[in-house]
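Asker: What follows is a single structure, and I will ask about it in a moment.
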Amino acid sequence: MTDLTTLEADVLAQVAAAGDLAALDAVRVAALGKTGSISGLLKTLGSMSPEERKERGAAINVLRDRVQTALNDKKAALEAAALDARLASETLDLTLPAPHRRRGSVHPTMQTMDEMIAIFAEMGFAVAEGPDIEDDFHNFTALNFPPKHPAREMHDTFFFNTKEDGERMLLRTHTSPVQVRTMVSQKPPIRIIAPGRTYRVDNDATHTPVFHQVEGLVIDKGIHMGHLKWTLETFLARFFETDVVTTQFRPHHFPFTEPSAEMDVQCDRSGGEIKIGQGTSWLEILGCGMVHPNVLRACGIDPDEYQGFAFGMGVDRLGMLKYGMPDLRDMWASDSRWLSHYGFSAFAAPNAASGLS
Ligand code: PHE
């Protein structure tokens with residue numbers, strides 16, 4: 001038996017001395033491999049007597065198990081040490097400043113639109129949408145535009161080529177067609193705003209061919225201009241974040257409202273900057289009126305039973321006023337310096353709880 005004890009001590013010493021996984025594997029092959037020292041011992045069992053084989057076999061198995069266990073333990077220890085060494089050499093220094101990245105921002109017009117939607121949503125208005133490419137009926141006829149009204153002509157409206165059936169599609173000149181679509185498809189009471197892109201052949205410091213509107217429509221029984229005035233004043237005070245605004249109606253004409261008005265808001269222009277809600281000047285801010293009975297009729301609503309008001313405002317213009325941007329054309333010049341100066345963080349989404357801007 002002494003030969004086994006010596007062999008065990010010898011192999012275990014080699015296991016302990018193995019400095020890496022390759023050396024350890026060489027020890028394993030030398031002991032337990034096909035021609036290894038312990039495997040060699042097992043081969044000698046065949047020539048023994050049964051009693052001798054039983055005793056010797058058990059002893060060799062014990063030896064083999066011990067060596068195997070030592071090999072496993074050493075392997076695990078070497079692997080753990082190798083992992084520790086790797087982790088120590090691969091640390092990342094997170095205190096380094098992050099490299100500069102170009103960051104996108106929310107365009108002031110979109111921010112303004114979201115603010116307007118947030119305020120009207122809190123006042124109980126739903127958002128309605130419609131197509132940018134409209135037909136004559138929804139953009140003009142249902143809105144009581146007389147057949148020869150100048151707004152239908154080329155200088156105001158972008159028309160498409162005439163179709164084979166004679167119809168001429170157009171880019172909507174306002175979001176009022178969404179009001180028509182809503183009145184045709186829903187029963188009163190109706191309380192919607194129609195935010196969206198609108199198009200007119202126009203280009204100067206305060207007009208761009210593409211612009212944005214939020215129009216509003218309320219249809220119910222007993223609606224009058226007092227409701228209109230309160231709704232608009234409440235909206236404007238919240239939008240310009242002042243306690244009160246003073247407004248005035250100025251008579252105006254729109255084919256689709258009667259009476260029609262433009263609303264001015266009192267402001268102060270003394271400091272070279274427009275301040276809303278105080279002062280001695282007036283600023284024209286939106287168009288509005290009571291929905292014309294012809295429009296209600298064209299949409300299948302009985303004007304003797306229901307009345308309504310409508311209003312429309314330019315989003316880009318309100319954004320310019322609120323955020324002090326002097327020229328509308330800059331807003332669509334895609335100048336990244338302008339965008340990073342006037343743009344808003346995508347995380348600053350306006351809502352009634354956390355504030356508007
Ligand atoms: N549709 C009008 C425009 O684009 C605005 C408006 C809407 C006026 C509703 C009155 C009522 O100019």
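Scheme for the structure tokens: letters A, B, ... for chains in order shown; per-chain residue numbers from 1; ligand numbers from 1 in order shown.
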What residues of the protein or nucleic acid chains come within 6 Å of ligand 1 when you use only C-alpha atoms and all ligand atoms? Reply as a ChimeraX atom specification.

Answerer: /A:174,176,215,287-289,310-312

Asker: Fewer than 4 positions away in the same chain doesn't count, so skip those; otherwise give me all residues within 9 Å of His107 (chain A), counting only C-alpha atoms, as JSON, numbers by chain.

Answerer: {"A": [111, 112, 331, 339, 342, 343, 344]}

Asker: How about saving the chosen residues, all heavy atoms kept, as a CSV table (one decimal), in the first residue's frame?

Answerer:
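That gives us result-v3.csv:
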```csv
chain,number,residue,atom,x,y,z
A,111,GLN,N,-43.8,72.7,-29.6
A,111,GLN,CA,-43.9,72.9,-28.1
A,111,GLN,C,-45.2,73.8,-27.9
A,111,GLN,O,-46.0,73.5,-27.0
A,111,GLN,CB,-42.7,73.6,-27.6
A,111,GLN,CG,-42.7,73.9,-26.1
A,111,GLN,CD,-42.3,72.6,-25.3
A,111,GLN,OE1,-41.9,71.6,-25.8
A,111,GLN,NE2,-42.5,72.7,-24.0
A,112,THR,N,-45.3,74.8,-28.7
A,112,THR,CA,-46.5,75.7,-28.5
A,112,THR,C,-47.8,74.9,-28.7
A,112,THR,O,-48.8,75.1,-28.0
A,112,THR,CB,-46.4,76.9,-29.5
A,112,THR,OG1,-45.1,77.5,-29.3
A,112,THR,CG2,-47.5,77.9,-29.3
A,331,MET,N,-37.9,80.2,-38.4
A,331,MET,CA,-38.4,79.0,-37.8
A,331,MET,C,-38.3,77.7,-38.7
A,331,MET,O,-38.3,76.6,-38.2
A,331,MET,CB,-39.9,79.2,-37.4
A,331,MET,CG,-40.0,80.2,-36.3
A,331,MET,SD,-41.7,80.5,-35.8
A,331,MET,CE,-41.9,79.3,-34.6
A,339,LEU,N,-32.1,76.4,-33.8
A,339,LEU,CA,-32.9,75.3,-33.2
A,339,LEU,C,-32.4,75.0,-31.8
A,339,LEU,O,-33.1,74.7,-30.9
A,339,LEU,CB,-32.8,74.0,-34.1
A,339,LEU,CG,-33.6,74.1,-35.4
A,339,LEU,CD1,-33.3,73.0,-36.3
A,339,LEU,CD2,-35.1,74.1,-35.1
A,342,TYR,N,-33.6,78.0,-29.5
A,342,TYR,CA,-35.0,78.2,-29.2
A,342,TYR,C,-35.7,76.8,-28.9
A,342,TYR,O,-36.8,76.8,-28.5
A,342,TYR,CB,-35.7,78.8,-30.4
A,342,TYR,CG,-35.5,80.3,-30.5
A,342,TYR,CD1,-34.7,80.9,-31.6
A,342,TYR,CD2,-36.0,81.2,-29.6
A,342,TYR,CE1,-34.5,82.2,-31.6
A,342,TYR,CE2,-35.8,82.6,-29.7
A,342,TYR,CZ,-35.0,83.1,-30.7
A,342,TYR,OH,-34.8,84.4,-30.8
A,343,GLY,N,-35.0,75.7,-29.2
A,343,GLY,CA,-35.6,74.4,-29.1
A,343,GLY,C,-35.9,74.0,-27.6
A,343,GLY,O,-35.3,74.6,-26.7
A,344,PHE,N,-36.8,73.1,-27.4
A,344,PHE,CA,-37.1,72.7,-26.0
A,344,PHE,C,-36.7,71.2,-25.8
A,344,PHE,O,-36.6,70.4,-26.7
A,344,PHE,CB,-38.6,72.7,-25.9
A,344,PHE,CG,-39.2,74.1,-25.8
A,344,PHE,CD1,-39.4,74.8,-27.0
A,344,PHE,CD2,-39.4,74.7,-24.6
A,344,PHE,CE1,-39.9,76.1,-26.9
A,344,PHE,CE2,-39.8,76.0,-24.5
A,344,PHE,CZ,-40.1,76.7,-25.7
```

Asker: From a DSSP pass on the backbone, collect the residues of region 102-279 of chain A flagged as strand (DSSP E or B) and hand them back as an NGL selection string.

Answerer: :A and (106 or 126-127 or 133-134 or 159 or 170-171 or 190-199 or 204 or 207 or 210-220 or 247-254 or 257-268 or 275-276)

Asker: Running DSSP on the backbone, which parts of region 90-324 of chain A land in alpha helix (DSSP H), as JSON, numbers by chain?

Answerer: {"A": [108, 109, 110, 111, 112, 113, 114, 115, 116, 117, 118, 119, 120, 121, 122, 136, 137, 138, 139, 176, 177, 178, 179, 180, 181, 182, 183, 184, 185, 225, 226, 227, 228, 229, 230, 231, 232, 233, 234, 235, 236, 237, 238, 239, 293, 294, 295, 296, 297, 298, 315, 316, 317, 318, 319, 320, 321, 322, 323]}

Asker: Using only C-alpha atoms for the distances, tell me which of A:Lys43, A:Arg152, A:Lys75, A:Lys322 is nearest to Arg56 (chain A).

Answerer: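 Closest residue, counting only C-alpha atoms: A:Lys43.
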
Asker: Would you mind listing what lies within 10 Å of Ala30 (chain A) as a VMD selection string, with only C-alpha atoms counted and same-chain residues fewer than 6 positions away left out?

Answerer: chain A and resid 11 24 36 to 39

Asker: Mind checking which residues fall within 10 Å of Tyr323 (chain A), counting only C-alpha atoms, ignoring those fewer than 2 positions away in the same chain, and posting them as a ChimeraX atom specification?

Answerer: /A:108,112,240,317-321,325-326,342,357

Asker: Write a file of the selected residues as an mmCIF file, in the first residue's frame, keeping all heavy atoms.

Answerer:
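What ended up in selection21.cif:
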```
data_model
loop_
_atom_site.group_PDB
_atom_site.id
_atom_site.type_symbol
_atom_site.label_atom_id
_atom_site.label_comp_id
_atom_site.auth_asym_id
_atom_site.auth_seq_id
_atom_site.Cartn_x
_atom_site.Cartn_y
_atom_site.Cartn_z
ATOM 1 N N PRO A 108 -40.028 74.968 -31.408
ATOM 2 C CA PRO A 108 -40.939 75.842 -30.648
ATOM 3 C C PRO A 108 -42.395 75.757 -31.109
ATOM 4 O O PRO A 108 -43.309 75.864 -30.289
ATOM 5 C CB PRO A 108 -40.388 77.242 -30.897
ATOM 6 C CG PRO A 108 -38.979 77.048 -31.293
ATOM 7 C CD PRO A 108 -38.850 75.686 -31.900
ATOM 8 N N THR A 112 -45.333 74.810 -28.673
ATOM 9 C CA THR A 112 -46.487 75.703 -28.516
ATOM 10 C C THR A 112 -47.785 74.926 -28.749
ATOM 11 O O THR A 112 -48.752 75.053 -27.990
ATOM 12 C CB THR A 112 -46.370 76.871 -29.519
ATOM 13 O OG1 THR A 112 -45.107 77.507 -29.328
ATOM 14 C CG2 THR A 112 -47.485 77.881 -29.322
ATOM 15 N N PHE A 240 -50.349 82.592 -21.859
ATOM 16 C CA PHE A 240 -49.310 83.603 -21.628
ATOM 17 C C PHE A 240 -48.896 83.680 -20.156
ATOM 18 O O PHE A 240 -48.107 84.530 -19.773
ATOM 19 C CB PHE A 240 -49.772 84.969 -22.145
ATOM 20 C CG PHE A 240 -49.761 85.051 -23.650
ATOM 21 C CD1 PHE A 240 -50.938 85.101 -24.366
ATOM 22 C CD2 PHE A 240 -48.560 85.037 -24.355
ATOM 23 C CE1 PHE A 240 -50.926 85.160 -25.758
ATOM 24 C CE2 PHE A 240 -48.537 85.097 -25.739
ATOM 25 C CZ PHE A 240 -49.718 85.150 -26.441
ATOM 26 N N ARG A 317 -47.409 81.898 -34.847
ATOM 27 C CA ARG A 317 -47.488 83.288 -34.418
ATOM 28 C C ARG A 317 -47.563 83.384 -32.895
ATOM 29 O O ARG A 317 -46.885 84.206 -32.270
ATOM 30 C CB ARG A 317 -48.748 83.885 -35.038
ATOM 31 C CG ARG A 317 -48.788 85.353 -35.050
ATOM 32 C CD ARG A 317 -50.011 85.796 -35.861
ATOM 33 N NE ARG A 317 -50.714 86.866 -35.137
ATOM 34 C CZ ARG A 317 -50.245 88.084 -35.032
ATOM 35 N NH1 ARG A 317 -49.107 88.403 -35.583
ATOM 36 N NH2 ARG A 317 -50.904 88.998 -34.354
ATOM 37 N N LEU A 318 -48.372 82.535 -32.277
ATOM 38 C CA LEU A 318 -48.463 82.554 -30.816
ATOM 39 C C LEU A 318 -47.122 82.156 -30.187
ATOM 40 O O LEU A 318 -46.708 82.709 -29.163
ATOM 41 C CB LEU A 318 -49.569 81.606 -30.322
ATOM 42 C CG LEU A 318 -50.993 82.127 -30.481
ATOM 43 C CD1 LEU A 318 -52.004 81.098 -29.983
ATOM 44 C CD2 LEU A 318 -51.194 83.434 -29.732
ATOM 45 N N GLY A 319 -46.437 81.205 -30.831
ATOM 46 C CA GLY A 319 -45.113 80.795 -30.336
ATOM 47 C C GLY A 319 -44.123 81.942 -30.428
ATOM 48 O O GLY A 319 -43.350 82.202 -29.497
ATOM 49 N N MET A 320 -44.161 82.682 -31.568
ATOM 50 C CA MET A 320 -43.264 83.836 -31.731
ATOM 51 C C MET A 320 -43.507 84.859 -30.635
ATOM 52 O O MET A 320 -42.570 85.420 -30.063
ATOM 53 C CB MET A 320 -43.532 84.516 -33.089
ATOM 54 C CG MET A 320 -42.978 83.785 -34.286
ATOM 55 S SD MET A 320 -43.625 84.498 -35.813
ATOM 56 C CE MET A 320 -42.592 85.961 -35.962
ATOM 57 N N LEU A 321 -44.787 85.103 -30.338
ATOM 58 C CA LEU A 321 -45.132 86.086 -29.306
ATOM 59 C C LEU A 321 -44.660 85.640 -27.935
ATOM 60 O O LEU A 321 -44.109 86.403 -27.159
ATOM 61 C CB LEU A 321 -46.650 86.280 -29.254
ATOM 62 C CG LEU A 321 -47.243 87.184 -30.318
ATOM 63 C CD1 LEU A 321 -48.760 87.125 -30.259
ATOM 64 C CD2 LEU A 321 -46.753 88.615 -30.095
ATOM 65 N N MET A 325 -39.558 85.311 -30.805
ATOM 66 C CA MET A 325 -38.818 85.063 -32.043
ATOM 67 C C MET A 325 -39.283 86.075 -33.071
ATOM 68 O O MET A 325 -40.470 86.163 -33.362
ATOM 69 C CB MET A 325 -39.085 83.635 -32.511
ATOM 70 C CG MET A 325 -38.507 82.642 -31.525
ATOM 71 S SD MET A 325 -39.111 80.976 -31.711
ATOM 72 C CE MET A 325 -40.790 81.101 -31.247
ATOM 73 N N PRO A 326 -38.359 86.880 -33.629
ATOM 74 C CA PRO A 326 -38.787 88.022 -34.448
ATOM 75 C C PRO A 326 -39.255 87.660 -35.860
ATOM 76 O O PRO A 326 -40.122 88.336 -36.393
ATOM 77 C CB PRO A 326 -37.542 88.906 -34.504
ATOM 78 C CG PRO A 326 -36.385 88.003 -34.198
ATOM 79 C CD PRO A 326 -36.912 86.861 -33.392
ATOM 80 N N TYR A 342 -33.566 78.040 -29.547
ATOM 81 C CA TYR A 342 -34.998 78.165 -29.239
ATOM 82 C C TYR A 342 -35.681 76.821 -28.939
ATOM 83 O O TYR A 342 -36.809 76.797 -28.460
ATOM 84 C CB TYR A 342 -35.738 78.833 -30.404
ATOM 85 C CG TYR A 342 -35.484 80.325 -30.510
ATOM 86 C CD1 TYR A 342 -34.725 80.850 -31.551
ATOM 87 C CD2 TYR A 342 -36.013 81.199 -29.566
ATOM 88 C CE1 TYR A 342 -34.489 82.213 -31.648
ATOM 89 C CE2 TYR A 342 -35.789 82.565 -29.658
ATOM 90 C CZ TYR A 342 -35.020 83.070 -30.699
ATOM 91 O OH TYR A 342 -34.798 84.415 -30.784
ATOM 92 N N SER A 357 -44.110 75.603 -19.726
ATOM 93 C CA SER A 357 -42.852 75.851 -20.444
ATOM 94 C C SER A 357 -41.711 76.002 -19.469
ATOM 95 O O SER A 357 -41.934 76.060 -18.281
ATOM 96 C CB SER A 357 -42.983 77.126 -21.259
ATOM 97 O OG SER A 357 -43.375 78.185 -20.421
#
```
